[in-house]
$ cat query.cif   # mmCIF, C-alpha atoms and all ligand atoms
data_protein
#
loop_
_atom_site.label_atom_id
_atom_site.label_comp_id
_atom_site.auth_asym_id
_atom_site.auth_seq_id
_atom_site.Cartn_x
_atom_site.Cartn_y
_atom_site.Cartn_z
CA MET A 636 50.08 138.90 83.91
CA ALA A 637 52.18 141.38 85.89
CA GLY A 638 54.93 143.07 83.87
CA THR A 639 58.23 144.43 85.22
CA ARG A 640 59.75 147.83 84.62
CA ILE A 641 61.98 146.20 82.05
CA ASP A 642 58.88 144.92 80.23
CA TRP A 643 57.46 148.47 80.30
CA VAL A 644 60.69 149.89 78.87
CA ARG A 645 60.88 147.27 76.11
CA GLU A 646 57.26 147.97 75.20
CA HIS A 647 58.10 151.66 74.69
CA CYS A 648 61.40 151.20 72.84
CA ARG A 649 59.46 151.19 69.60
CA LEU A 650 62.40 151.76 67.29
CA LEU A 651 64.37 148.92 68.85
CA ARG A 652 61.33 146.64 68.65
CA SER A 653 60.98 147.21 64.95
CA ILE A 654 64.75 146.79 64.39
CA SER A 655 64.59 143.52 66.37
CA ALA A 656 61.84 142.23 64.10
CA GLU A 657 63.96 143.06 61.04
CA PHE A 658 67.17 141.64 62.57
CA ARG A 659 65.45 138.33 63.27
CA GLN A 660 65.13 138.01 59.48
CA THR A 661 68.42 139.58 58.35
CA ARG A 662 70.74 138.30 61.19
CA PRO A 663 73.49 140.95 60.60
CA PHE A 664 75.54 139.63 63.54
CA GLY A 665 75.18 135.92 62.79
CA GLY A 666 78.25 134.09 64.19
CA LEU A 667 79.75 137.28 65.73
CA ILE A 668 80.56 138.09 69.35
CA ILE A 669 79.74 141.61 70.53
CA GLY A 670 81.54 142.77 73.68
CA THR A 671 79.77 145.58 75.51
CA GLY A 672 80.71 147.91 78.35
CA ILE A 673 77.73 150.17 78.87
CA HIS A 674 75.44 151.07 81.81
CA LEU A 675 73.32 148.01 82.52
CA GLU A 676 69.83 149.33 83.16
CA ALA A 677 66.39 148.71 81.70
CA LYS A 678 66.95 150.53 78.39
CA THR A 679 70.24 148.78 77.66
CA VAL A 680 68.46 145.46 78.16
CA ALA A 681 66.28 146.40 75.17
CA LEU A 682 69.37 147.29 73.11
CA LEU A 683 71.32 144.14 73.98
CA LEU A 684 68.34 141.91 73.21
CA THR A 685 68.01 143.63 69.83
CA LEU A 686 71.65 142.80 69.06
CA ARG A 687 71.02 139.24 70.23
CA ASP A 688 68.03 139.07 67.87
CA GLY A 689 70.48 140.02 65.10
CA GLY A 690 72.38 136.79 65.76
CA ALA A 691 75.12 138.11 68.09
CA ARG A 692 76.56 136.28 71.06
CA LEU A 693 76.88 138.99 73.70
CA VAL A 694 79.49 139.30 76.43
CA SER A 695 78.53 142.30 78.54
CA THR A 696 79.58 144.27 81.55
CA GLY A 697 78.37 147.58 82.98
CA ASN A 698 80.05 150.90 83.78
CA LEU A 699 81.38 152.02 87.13
CA ASN A 700 78.61 152.43 89.74
CA THR A 701 75.61 152.26 87.38
CA THR A 702 74.89 148.52 87.01
CA GLN A 703 71.34 147.67 88.08
CA PRO A 704 70.84 144.14 89.44
CA ASP A 705 67.39 143.69 87.86
CA ALA A 706 68.86 144.48 84.43
CA VAL A 707 71.63 141.93 84.98
CA ASP A 708 69.07 139.31 86.05
CA ALA A 709 66.88 140.01 83.02
CA LEU A 710 69.83 139.65 80.64
CA ARG A 711 71.05 136.44 82.25
CA ALA A 712 67.51 135.03 82.07
CA GLU A 713 67.67 135.66 78.30
CA GLY A 714 70.94 133.71 78.09
CA ILE A 715 73.25 136.72 77.74
CA THR A 716 76.67 136.47 79.37
CA VAL A 717 76.98 139.29 81.91
CA ILE A 718 80.33 139.74 83.61
CA GLY A 719 80.33 140.99 87.22
CA GLY A 720 77.77 143.22 88.92
CA PRO A 721 77.46 146.66 90.50
CA THR A 722 80.76 148.15 91.69
CA LYS A 723 82.28 151.52 92.54
CA ASP A 724 85.76 150.01 92.63
CA SER A 725 87.68 150.88 89.47
CA GLU A 726 90.08 147.93 89.85
CA VAL A 727 87.21 145.46 90.10
CA HIS A 728 85.57 147.15 87.12
CA ALA A 729 88.83 146.86 85.14
CA ARG A 730 88.82 143.10 85.75
CA TYR A 731 85.28 142.88 84.36
CA LEU A 732 86.37 144.76 81.24
CA ASP A 733 89.30 142.41 80.77
CA GLU A 734 86.97 139.43 81.00
CA VAL A 735 84.85 140.89 78.20
CA LEU A 736 87.98 141.29 76.05
CA ALA A 737 89.11 137.76 76.90
CA ALA A 738 86.11 136.55 74.83
CA LYS A 739 87.81 138.24 71.80
CA PRO A 740 84.70 140.06 70.58
CA ASP A 741 84.39 140.75 66.84
CA LEU A 742 82.58 144.01 67.61
CA ILE A 743 82.85 146.31 70.63
CA LEU A 744 80.10 148.55 71.96
CA ASP A 745 81.95 150.95 74.27
CA ASN A 746 80.85 153.68 76.65
CA GLY A 747 83.69 155.90 77.81
CA GLY A 748 86.40 154.24 75.69
CA ASP A 749 87.29 151.65 78.36
CA LEU A 750 87.14 148.57 76.15
CA PHE A 751 88.91 150.03 73.10
CA ALA A 752 91.67 151.56 75.25
CA ARG A 753 92.25 148.24 77.04
CA TYR A 754 92.11 146.35 73.74
CA LEU A 755 95.24 148.26 72.65
CA ASN A 756 97.12 146.82 75.64
CA ARG A 757 96.21 143.28 74.66
CA PRO A 758 95.23 143.24 70.97
CA TYR A 759 93.87 140.08 69.34
CA GLU A 760 93.03 139.01 65.78
CA GLY A 761 89.62 139.65 64.30
CA LEU A 762 88.27 142.85 65.92
CA LEU A 763 86.20 144.48 63.16
CA GLY A 764 85.55 147.74 65.05
CA GLY A 765 82.44 149.01 66.78
CA THR A 766 80.85 151.99 68.44
CA GLU A 767 81.55 154.48 71.21
CA GLU A 768 78.60 156.06 72.98
CA THR A 769 79.95 159.19 74.70
CA THR A 770 81.75 162.52 74.42
CA SER A 771 84.21 161.38 77.08
CA GLY A 772 84.99 158.21 75.12
CA ARG A 773 85.48 160.13 71.87
CA MET A 774 87.94 162.47 73.61
CA ARG A 775 89.85 159.46 74.92
CA LEU A 776 89.90 157.53 71.63
CA GLU A 777 90.68 160.36 69.19
CA PRO A 778 94.41 160.41 70.03
CA LEU A 779 94.47 156.60 69.63
CA ARG A 780 93.08 156.61 66.05
CA GLY A 781 96.42 155.56 64.52
CA GLN A 782 96.58 152.48 66.72
CA LEU A 783 92.89 151.56 66.57
CA ASN A 784 92.75 151.81 62.76
CA ARG A 785 89.31 150.24 62.29
CA PRO A 786 85.78 151.63 61.98
CA ILE A 787 84.55 153.11 65.26
CA LEU A 788 81.40 155.19 65.01
CA VAL A 789 80.77 157.73 67.77
CA ILE A 790 77.09 157.72 68.64
CA ASN A 791 77.44 160.90 70.71
CA ASP A 792 78.34 162.88 67.60
CA SER A 793 75.05 162.22 65.89
CA PRO A 794 72.86 165.34 65.92
CA VAL A 795 69.98 163.07 66.99
CA LYS A 796 71.88 161.90 70.09
CA GLN A 797 73.00 165.47 70.82
CA PHE A 798 69.57 167.00 71.01
CA ALA A 799 67.41 164.02 71.97
CA GLU A 800 69.55 162.61 74.76
CA ASN A 801 72.33 164.99 75.81
CA GLU A 802 70.26 168.14 75.73
CA HIS A 803 66.66 167.23 76.43
CA ALA A 804 66.93 163.94 78.31
CA VAL A 805 69.99 164.62 80.50
CA GLY A 806 68.47 167.96 81.45
CA GLN A 807 65.21 166.28 82.49
CA SER A 808 66.84 163.37 84.31
CA ALA A 809 69.28 165.64 86.15
CA LEU A 810 66.35 167.66 87.49
CA GLU A 811 64.33 164.52 88.24
CA SER A 812 67.33 162.98 90.05
CA PHE A 813 68.06 166.11 92.07
CA LEU A 814 64.46 166.16 93.31
CA ARG A 815 64.32 162.38 93.86
CA MET A 816 67.62 162.18 95.74
CA THR A 817 67.47 165.35 97.82
CA ASN A 818 63.76 166.23 97.99
CA ARG A 819 65.04 169.83 98.21
CA VAL A 820 63.62 172.98 96.67
CA THR A 821 64.79 174.43 93.37
CA ASN A 822 62.60 177.55 93.38
CA GLY A 823 64.66 180.68 93.97
CA GLU A 824 67.87 178.68 94.52
CA GLN A 825 71.08 179.69 92.79
CA VAL A 826 72.16 176.77 90.59
CA THR A 827 75.54 176.91 88.83
CA VAL A 828 76.10 174.61 85.87
CA PHE A 829 79.70 173.90 84.83
CA GLY A 830 79.81 173.13 81.12
CA TYR A 831 77.38 174.50 78.53
CA GLY A 832 77.68 171.81 75.89
CA ALA A 833 74.61 169.83 74.86
CA CYS A 834 74.17 168.32 78.35
CA GLY A 835 74.83 171.56 80.21
CA ARG A 836 72.32 173.44 78.04
CA GLY A 837 69.63 170.93 78.98
CA VAL A 838 70.54 170.95 82.68
CA ALA A 839 70.53 174.76 82.79
CA ALA A 840 67.21 174.98 80.94
CA ASN A 841 65.49 172.39 83.13
CA PHE A 842 66.56 173.99 86.40
CA ARG A 843 65.48 177.39 85.06
CA GLY A 844 62.15 175.75 84.22
CA ALA A 845 61.97 174.65 87.86
CA TYR A 846 62.24 178.30 88.95
CA ALA A 847 65.91 178.23 89.95
CA ARG A 848 68.23 181.16 89.19
CA VAL A 849 70.83 179.56 86.94
CA SER A 850 74.38 180.67 86.18
CA VAL A 851 76.74 179.00 83.73
CA VAL A 852 80.51 178.55 83.86
CA ASP A 853 82.26 177.36 80.71
CA VAL A 854 85.96 177.58 79.84
CA ASN A 855 85.09 178.50 76.24
CA PRO A 856 84.17 182.21 75.82
CA VAL A 857 82.11 181.44 72.68
CA THR A 858 80.03 178.96 74.65
CA ARG A 859 79.74 181.42 77.54
CA LEU A 860 78.43 184.02 75.09
CA ARG A 861 75.81 181.52 73.94
CA ALA A 862 74.76 180.96 77.57
CA HIS A 863 74.58 184.73 78.09
CA LEU A 864 72.38 185.19 75.01
CA ASP A 865 70.21 182.30 76.21
CA GLY A 866 69.54 184.43 79.28
CA PHE A 867 71.79 182.78 81.87
CA SER A 868 74.20 184.74 84.02
CA THR A 869 77.85 183.93 83.28
CA PRO A 870 79.87 185.25 86.21
CA PRO A 871 83.59 184.48 86.64
CA ARG A 872 84.14 180.97 87.98
CA ASP A 873 84.99 181.90 91.59
CA ILE A 874 82.04 184.28 91.92
CA ALA A 875 79.69 181.63 90.49
CA ILE A 876 80.99 179.08 93.02
CA ALA A 877 80.75 181.49 95.92
CA HIS A 878 77.07 182.28 95.23
CA ALA A 879 75.84 178.77 94.39
CA ASP A 880 73.33 176.77 96.42
CA VAL A 881 73.72 173.91 93.95
CA ILE A 882 76.67 173.20 91.64
CA ILE A 883 76.33 170.69 88.81
CA THR A 884 79.32 169.69 86.68
CA VAL A 885 78.76 168.29 83.18
CA THR A 886 81.90 169.01 81.19
CA GLY A 887 83.72 165.75 80.36
CA ALA A 888 86.83 167.30 82.03
CA ARG A 889 88.67 166.28 85.21
CA ASP A 890 89.02 168.26 88.43
CA VAL A 891 86.45 170.88 87.58
CA LEU A 892 85.80 171.28 91.31
CA THR A 893 88.50 170.31 93.82
CA ALA A 894 89.46 170.78 97.46
CA ALA A 895 91.10 174.06 96.44
CA ASP A 896 87.55 175.40 95.96
CA LEU A 897 86.46 174.57 99.53
CA PRO A 898 87.16 178.11 100.86
CA LEU A 899 84.73 179.49 98.26
CA LEU A 900 81.75 177.21 98.91
CA ARG A 901 78.64 178.49 100.68
CA ASP A 902 77.30 176.74 103.74
CA GLY A 903 74.81 174.10 102.62
CA VAL A 904 75.91 173.89 98.99
CA ILE A 905 74.94 170.72 97.10
CA LEU A 906 77.51 169.33 94.64
CA ALA A 907 76.53 166.91 91.88
CA ASN A 908 78.17 165.59 88.74
CA ALA A 909 76.31 164.56 85.57
CA GLY A 910 79.46 164.07 83.45
CA HIS A 911 80.40 160.53 82.50
CA PHE A 912 83.44 159.95 84.73
CA PRO A 913 83.44 160.48 88.50
CA ALA A 914 86.45 162.77 88.10
CA GLU A 915 84.78 166.14 87.46
CA ILE A 916 84.30 166.70 91.17
CA ASP A 917 87.36 165.43 93.02
CA ALA A 918 85.31 163.67 95.70
CA PRO A 919 88.24 161.80 97.31
CA GLY A 920 90.19 165.09 97.50
CA LEU A 921 87.23 166.94 99.05
CA ILE A 922 86.52 164.18 101.57
CA SER A 923 90.13 163.97 102.75
CA ALA A 924 90.80 167.74 102.79
CA ASP A 925 92.24 169.30 105.97
CA GLU A 926 89.23 171.63 106.18
CA VAL A 927 86.88 168.65 106.73
CA ALA A 928 86.25 167.94 110.41
CA SER A 929 83.75 165.10 110.02
CA GLN A 930 81.35 163.53 107.61
CA GLN A 931 77.79 162.27 107.80
CA GLU A 932 76.65 159.61 105.38
CA TYR A 933 72.91 159.36 104.66
CA THR A 934 70.95 156.71 102.82
CA ASP A 935 70.39 157.21 99.11
CA ASP A 936 74.04 158.07 98.34
CA LEU A 937 74.05 161.44 100.13
CA LEU A 938 77.16 162.58 101.99
CA THR A 939 77.62 165.71 104.09
CA LEU A 940 81.09 167.07 104.82
CA GLU A 941 81.23 169.18 107.96
CA LEU A 942 84.02 171.73 107.72
CA ARG A 943 86.06 173.00 110.67
CA ASP A 944 84.53 176.48 110.31
CA GLY A 945 81.00 175.06 110.59
CA ARG A 946 80.03 175.09 106.91
CA ARG A 947 78.46 171.96 105.42
CA VAL A 948 78.96 170.68 101.89
CA HIS A 949 76.61 168.01 100.51
CA LEU A 950 77.80 165.61 97.84
CA LEU A 951 75.46 163.52 95.70
CA ALA A 952 76.57 159.99 94.73
CA ARG A 953 80.18 160.84 95.75
CA GLY A 954 80.65 162.57 92.40
CA HIS A 955 79.44 159.66 90.27
CA MET A 956 76.88 160.45 87.56
CA PHE A 957 73.93 161.43 89.73
CA ASN A 958 71.22 160.95 87.10
CA LEU A 959 71.82 157.20 87.31
CA ALA A 960 72.26 157.10 91.10
CA GLY A 961 70.22 157.16 94.30
CA PRO A 962 66.98 155.32 95.00
CA ARG A 963 65.17 153.83 91.99
CA PRO A 964 67.36 155.50 89.36
CA LEU A 965 65.54 155.75 86.04
CA GLY A 966 68.14 157.54 83.90
CA ASN A 967 67.16 159.30 80.70
CA SER A 968 63.70 158.96 79.15
CA ILE A 969 62.87 155.75 77.31
CA GLU A 970 62.26 157.48 73.98
CA SER A 971 65.56 159.40 74.07
CA MET A 972 67.46 156.18 74.72
CA ASP A 973 65.42 154.32 72.11
CA LEU A 974 66.65 156.90 69.56
CA GLY A 975 70.27 156.64 70.73
CA PHE A 976 70.20 152.86 70.89
CA ALA A 977 68.60 152.59 67.45
CA LEU A 978 71.68 154.53 66.25
CA GLN A 979 73.84 151.99 68.11
CA ALA A 980 72.11 149.00 66.47
CA ARG A 981 72.35 150.49 62.96
CA CYS A 982 75.99 151.56 63.42
CA LEU A 983 77.05 148.11 64.66
CA GLU A 984 75.20 146.65 61.68
CA ALA A 985 77.17 148.99 59.36
CA VAL A 986 80.49 147.84 60.89
CA ALA A 987 79.44 144.17 60.76
CA ASN A 988 78.46 144.31 57.09
CA ARG A 989 81.62 146.32 56.22
CA SER A 990 79.73 149.30 54.83
CA VAL A 991 82.24 151.47 56.77
CA ASP A 992 86.01 150.93 56.79
CA ALA A 993 89.10 152.04 58.71
CA THR A 994 88.79 155.56 57.30
CA SER A 995 85.79 155.83 59.67
CA CYS A 996 87.88 155.49 62.84
CA VAL A 997 86.34 157.54 65.69
CA VAL A 998 84.00 159.52 63.44
CA PRO A 999 80.36 160.60 63.79
CA VAL A 1000 77.42 158.39 62.82
CA PRO A 1001 76.97 158.30 58.99
CA GLY A 1002 74.35 160.89 58.00
CA GLN A 1003 72.07 158.38 56.27
CA ILE A 1004 71.64 156.50 59.56
CA ASP A 1005 70.54 159.72 61.32
CA VAL A 1006 68.04 160.42 58.54
CA ALA A 1007 66.61 156.89 58.63
CA ILE A 1008 66.15 156.91 62.40
CA ALA A 1009 64.67 160.40 62.55
CA SER A 1010 62.19 159.45 59.80
CA SER A 1011 61.30 156.22 61.51
CA TYR A 1012 60.62 157.99 64.86
CA LEU A 1013 58.46 160.67 63.22
CA ASP A 1014 56.59 158.17 61.03
CA ARG A 1015 55.43 156.46 64.19
CA ARG A 1016 53.93 159.69 65.49
CA TYR A 1017 52.30 160.66 62.21
CA PRO A 1018 51.58 157.46 60.31
CA PRO A 1019 51.17 158.12 56.57
CA ARG A 1020 47.37 157.64 56.62
CA ILE A 1021 46.76 160.68 58.88
CA ARG A 1022 49.35 163.08 57.44
N1 LIG A 1101 74.63 161.91 82.60
C1 LIG A 1101 74.27 161.42 81.42
O1 LIG A 1101 73.26 160.73 81.27
C2 LIG A 1101 75.11 161.78 80.23
C3 LIG A 1101 74.60 161.60 78.93
C4 LIG A 1101 75.37 162.01 77.85
C5 LIG A 1101 76.65 162.53 78.07
N2 LIG A 1101 77.13 162.65 79.36
C6 LIG A 1101 78.46 163.19 79.69
O2 LIG A 1101 78.34 164.59 80.01
C7 LIG A 1101 79.58 165.25 79.76
C8 LIG A 1101 79.34 166.48 78.87
O3 LIG A 1101 78.80 166.05 77.62
P1 LIG A 1101 78.43 167.11 76.47
O4 LIG A 1101 77.88 166.29 75.35
O5 LIG A 1101 77.62 168.24 77.02
O6 LIG A 1101 79.89 167.63 76.10
P2 LIG A 1101 80.29 168.92 75.25
O7 LIG A 1101 81.68 168.65 74.78
O8 LIG A 1101 79.21 169.25 74.26
O9 LIG A 1101 80.30 170.11 76.32
C9 LIG A 1101 81.21 170.19 77.39
C10 LIG A 1101 81.36 171.67 77.75
O10 LIG A 1101 82.14 171.75 78.95
C11 LIG A 1101 83.04 172.84 78.81
N3 LIG A 1101 84.15 172.62 79.74
C12 LIG A 1101 85.21 171.78 79.62
N4 LIG A 1101 85.99 171.85 80.71
C13 LIG A 1101 85.41 172.74 81.55
C14 LIG A 1101 85.73 173.23 82.85
N5 LIG A 1101 86.81 172.81 83.50
N6 LIG A 1101 84.91 174.15 83.40
C15 LIG A 1101 83.82 174.60 82.74
N7 LIG A 1101 83.47 174.18 81.51
C16 LIG A 1101 84.25 173.24 80.92
C17 LIG A 1101 83.42 172.82 77.34
O11 LIG A 1101 83.94 174.08 76.91
C18 LIG A 1101 82.09 172.47 76.68
O12 LIG A 1101 81.34 173.63 76.36
C19 LIG A 1101 80.48 164.17 79.14
O13 LIG A 1101 81.25 163.58 80.17
C20 LIG A 1101 79.48 163.16 78.60
O14 LIG A 1101 80.07 161.88 78.43
C21 LIG A 1101 76.38 162.31 80.44
#

$ encode --input "query.cif" --output "structure tokens" --more "lines below"
Ligand SMILES: NC(=O)c1ccc[n+]([C@@H]2O[C@H](COP(=O)([O-])OP(=O)(O)OC[C@H]3O[C@@H](n4cnc5c(N)ncnc54)[C@H](O)[C@@H]3O)[C@@H](O)[C@H]2O)c1
Amino acid sequence: MAGTRIDWVREHCRLLRSISAEFRQTRPFGGLIIGTGIHLEAKTVALLLTLRDGGARLVSTGNLNTTQPDAVDALRAEGITVIGGPTKDSEVHARYLDEVLAAKPDLILDNGGDLFARYLNRPYEGLLGGTEETTSGRMRLEPLRGQLNRPILVINDSPVKQFAENEHAVGQSALESFLRMTNRVTNGEQVTVFGYGACGRGVAANFRGAYARVSVVDVNPVTRLRAHLDGFSTPPRDIAIAHADVIITVTGARDVLTAADLPLLRDGVILANAGHFPAEIDAPGLISADEVASQQEYTDDLLTLELRDGRRVHLLARGHMFNLAGPRPLGNSIESMDLGFALQARCLEAVANRSVDATSCVVPVPGQIDVAIASSYLDRRYPPRIR
């Protein structure tokens, strides 16, 4: 029988498969509704079905611009309520989020802080807490701790998520996506990476591995020193921009590159964002800048701005996260997401069974969950009999 890509992914999410088998017995979410706002793609299908196997009723929507129709179809075929579909329109997306909250979920699985932030505008009885997947979401929710006042575990702040996904997997998928979307060379090109956190370290290392010359710009001098000692050049921001053939932002901050930078950009530069929100590169500001004479849109989410002085600036996915964009987007590796989503399943279980309380509001994953998941992953590679 022919299998789909989603079948392939589920087959290789080995941690989630074993958690599913356990959850079918223990039913940690029996009688609970879980509201989710996370990228809907093949790997999240495996996560959401694991939560369903734990007894949850799921009400799910995606994130801006990353929802994949085949993932939505697969979830609906399994009886999961999926709100909306792919959209780049933030107002439409906001309506989808509100529909998830209208179901009054007992637990929230958030990605970027959208659901928890909107919950505060229209609170309801019975929300136990939940999880937040990203750095960007943690930054948004930290100042809201006093109002949220319930357990919210930040998956991003697990060391396992940091090195398995942010560093290794985002680095790989950013390189894979650059090649897949542009089909352009990396060898000998000057690539500038904005942000040298976990994601930026992986992006810089992968492009260096693809024979690019890589420079790093980071607002934090300590982080810049780390990049320097890792062997990357760390020129001042404007010099880095002026010499770049490719600029990749992955900071979690807004307006890292704006129309004010247009005078600095080289002819032919490619701009791409791998940070969570499409606000790191101010794409609307660049597109509508006075310097832009015309624009050429290509298939596969490629846009070229032709400037009045003849220079051309290429923008991938209009500043949306490019490692989940373009033709046949695969995102991060299955195993890295299996690790991160196993953390998700165990953290939601901990909130559901009240083993964490309101003192754990917007805090990292409990250490014992990291240890259990790391051991489980390694045990599969080296089963006890051949140690
Ligand atoms: N694309 C993906 O698949 C994916 C996966 C995980 C995380 N993310 C997102 O990537 C972003 C970065 O995540 P991270 O875990 O590396 O964060 P991080 O906090 O570890 O690192 C961010 C770095 O950016 C630097 N920075 C902040 N503002 C800057 C600016 N204006 N210019 C230059 N440097 C600046 C900070 O000093 C820091 O070193 C977040 O938005 C996160 O949500 C994306």

$ residues_near_ligand --input "query.cif" --ligand "ligand LIG 1101 (chain A)" --cutoff "6 Å" --atoms "all atoms listed in the file" --output "list in words"
Thr769, Thr770, Ser771, Asn801, Val805, Phe829, Gly830, Tyr831, Gly832, Ala833, Cys834, Gly835, Val852, Asp853, Val854, Asn855, Thr858, Val885, Thr886, Gly887, Ala888, Val891, Ala909, Gly910, His911, Met956 and Asn958 of chain A

$ closest_residue --input "query.cif" --among "A:Leu710, A:Ile883, A:Ile654, A:Ala845" --to "Ala1007 (chain A)" --atoms "all atoms listed in the file"
A:Ile654

$ atom_distance --input "query.cif" --atom1 "CA of Leu897 (chain A)" --atom2 "CA of Lys723 (chain A)"
24.4 Å

$ atom_distance --input "query.cif" --atom1 "CA of Ala907 (chain A)" --atom2 "CA of Gly945 (chain A)"
20.9 Å

$ residues_around --input "query.cif" --residues "Ser793 (chain A)" --least-positions-apart "6" --cutoff "10 Å" --atoms "only C-alpha atoms" --output "list in words"
Ala799, Gly975, Leu978, Val998, Pro999, Val1000, Pro1001, Gly1002, Ile1004 and Asp1005 of chain A

$ atom_distance --input "query.cif" --atom1 "CA of Asn784 (chain A)" --atom2 "CA of Arg692 (chain A)"
23.9 Å

$ residues_around --input "query.cif" --residues "Cys982 (chain A)" --least-positions-apart "3" --cutoff "9 Å" --atoms "only C-alpha atoms" --output "PyMOL selection string"
chain A and resi 765-766+787-790+977-979+985-987+1000-1001+1004

$ closest_residue --input "query.cif" --among "A:Asp745, A:Asp724, A:Asp708, A:Asp896" --to "Ile673 (chain A)" --atoms "only C-alpha atoms"
A:Asp745

$ residues_around --input "query.cif" --residues "region 773-778 of chain A" --least-positions-apart "2" --cutoff "9 Å" --atoms "only C-alpha atoms" --output "PDB file with C-alpha atoms, keeping the file's coordinate frame"
ATOM      1  CA  GLY A 747      83.690 155.900  77.810  1.00  0.00           C
ATOM      2  CA  GLY A 748      86.400 154.240  75.690  1.00  0.00           C
ATOM      3  CA  ASP A 749      87.290 151.650  78.360  1.00  0.00           C
ATOM      4  CA  PHE A 751      88.910 150.030  73.100  1.00  0.00           C
ATOM      5  CA  ALA A 752      91.670 151.560  75.250  1.00  0.00           C
ATOM      6  CA  GLU A 767      81.550 154.480  71.210  1.00  0.00           C
ATOM      7  CA  GLU A 768      78.600 156.060  72.980  1.00  0.00           C
ATOM      8  CA  THR A 769      79.950 159.190  74.700  1.00  0.00           C
ATOM      9  CA  THR A 770      81.750 162.520  74.420  1.00  0.00           C
ATOM     10  CA  SER A 771      84.210 161.380  77.080  1.00  0.00           C
ATOM     11  CA  ARG A 780      93.080 156.610  66.050  1.00  0.00           C
ATOM     12  CA  GLY A 781      96.420 155.560  64.520  1.00  0.00           C
ATOM     13  CA  GLN A 782      96.580 152.480  66.720  1.00  0.00           C
ATOM     14  CA  LEU A 783      92.890 151.560  66.570  1.00  0.00           C
ATOM     15  CA  VAL A 789      80.770 157.730  67.770  1.00  0.00           C
ATOM     16  CA  ASN A 791      77.440 160.900  70.710  1.00  0.00           C
ATOM     17  CA  ASP A 792      78.340 162.880  67.600  1.00  0.00           C
ATOM     18  CA  GLY A 887      83.720 165.750  80.360  1.00  0.00           C
ATOM     19  CA  CYS A 996      87.880 155.490  62.840  1.00  0.00           C
ATOM     20  CA  VAL A 997      86.340 157.540  65.690  1.00  0.00           C
ATOM     21  CA  VAL A 998      84.000 159.520  63.440  1.00  0.00           C
TER      22      VAL A 998
END

$ axis_aligned_box --input "query.cif" --around "region 743-756 of chain A" --padding-each-side "4 Å" --output "JSON"
{"center_x": 88.6, "center_y": 151.1, "center_z": 74.5, "size_x": 25.0, "size_y": 17.6, "size_z": 15.7}

$ residues_around --input "query.cif" --residues "Ile641 (chain A)" --least-positions-apart "2" --cutoff "9 Å" --atoms "all atoms listed in the file" --output "short mmCIF file (atom, residue, chain, number, x, y, z; two decimals) with C-alpha atoms, in the frame of the given file"
data_model
loop_
_atom_site.label_atom_id
_atom_site.label_comp_id
_atom_site.auth_asym_id
_atom_site.auth_seq_id
_atom_site.Cartn_x
_atom_site.Cartn_y
_atom_site.Cartn_z
CA GLY A 638 54.93 143.07 83.87
CA THR A 639 58.23 144.43 85.22
CA TRP A 643 57.46 148.47 80.30
CA VAL A 644 60.69 149.89 78.87
CA ARG A 645 60.88 147.27 76.11
CA GLU A 646 57.26 147.97 75.20
CA GLU A 676 69.83 149.33 83.16
CA ALA A 677 66.39 148.71 81.70
CA LYS A 678 66.95 150.53 78.39
CA VAL A 680 68.46 145.46 78.16
CA ALA A 681 66.28 146.40 75.17
CA ASP A 705 67.39 143.69 87.86
CA ALA A 706 68.86 144.48 84.43
CA ALA A 709 66.88 140.01 83.02
#

$ closest_residue --input "query.cif" --among "A:Arg859, A:Ser971, A:Val881, A:Glu800" --to "Val820 (chain A)" --atoms "only C-alpha atoms"
A:Val881

$ decode --input "query.cif" --residues "region 923-929 of chain A" --atoms "N, CA, C and O atoms" --output "tab-separated table (two decimals), in the first residue's frame"
chain	number	residue	atom	x	y	z
A	923	SER	N	7.61	49.10	-0.32
A	923	SER	CA	6.98	50.39	-0.63
A	923	SER	C	7.96	51.57	-0.56
A	923	SER	O	7.55	52.73	-0.67
A	924	ALA	N	9.26	51.27	-0.42
A	924	ALA	CA	10.25	52.36	-0.28
A	924	ALA	C	10.35	53.18	-1.56
A	924	ALA	O	10.18	52.64	-2.67
A	925	ASP	N	10.67	54.46	-1.41
A	925	ASP	CA	10.81	55.36	-2.57
A	925	ASP	C	11.87	54.87	-3.55
A	925	ASP	O	11.76	55.09	-4.76
A	926	GLU	N	12.91	54.21	-3.01
A	926	GLU	CA	14.01	53.74	-3.88
A	926	GLU	C	13.58	52.65	-4.84
A	926	GLU	O	14.28	52.35	-5.80
A	927	VAL	N	12.43	52.01	-4.58
A	927	VAL	CA	12.01	50.86	-5.41
A	927	VAL	C	11.25	51.36	-6.64
A	927	VAL	O	10.22	52.03	-6.52
A	928	ALA	N	11.78	51.02	-7.82
A	928	ALA	CA	11.14	51.46	-9.06
A	928	ALA	C	10.09	50.46	-9.51
A	928	ALA	O	9.03	50.83	-10.00
A	929	SER	N	10.39	49.16	-9.36
A	929	SER	CA	9.43	48.14	-9.79
A	929	SER	C	9.74	46.84	-9.06
A	929	SER	O	10.76	46.72	-8.38
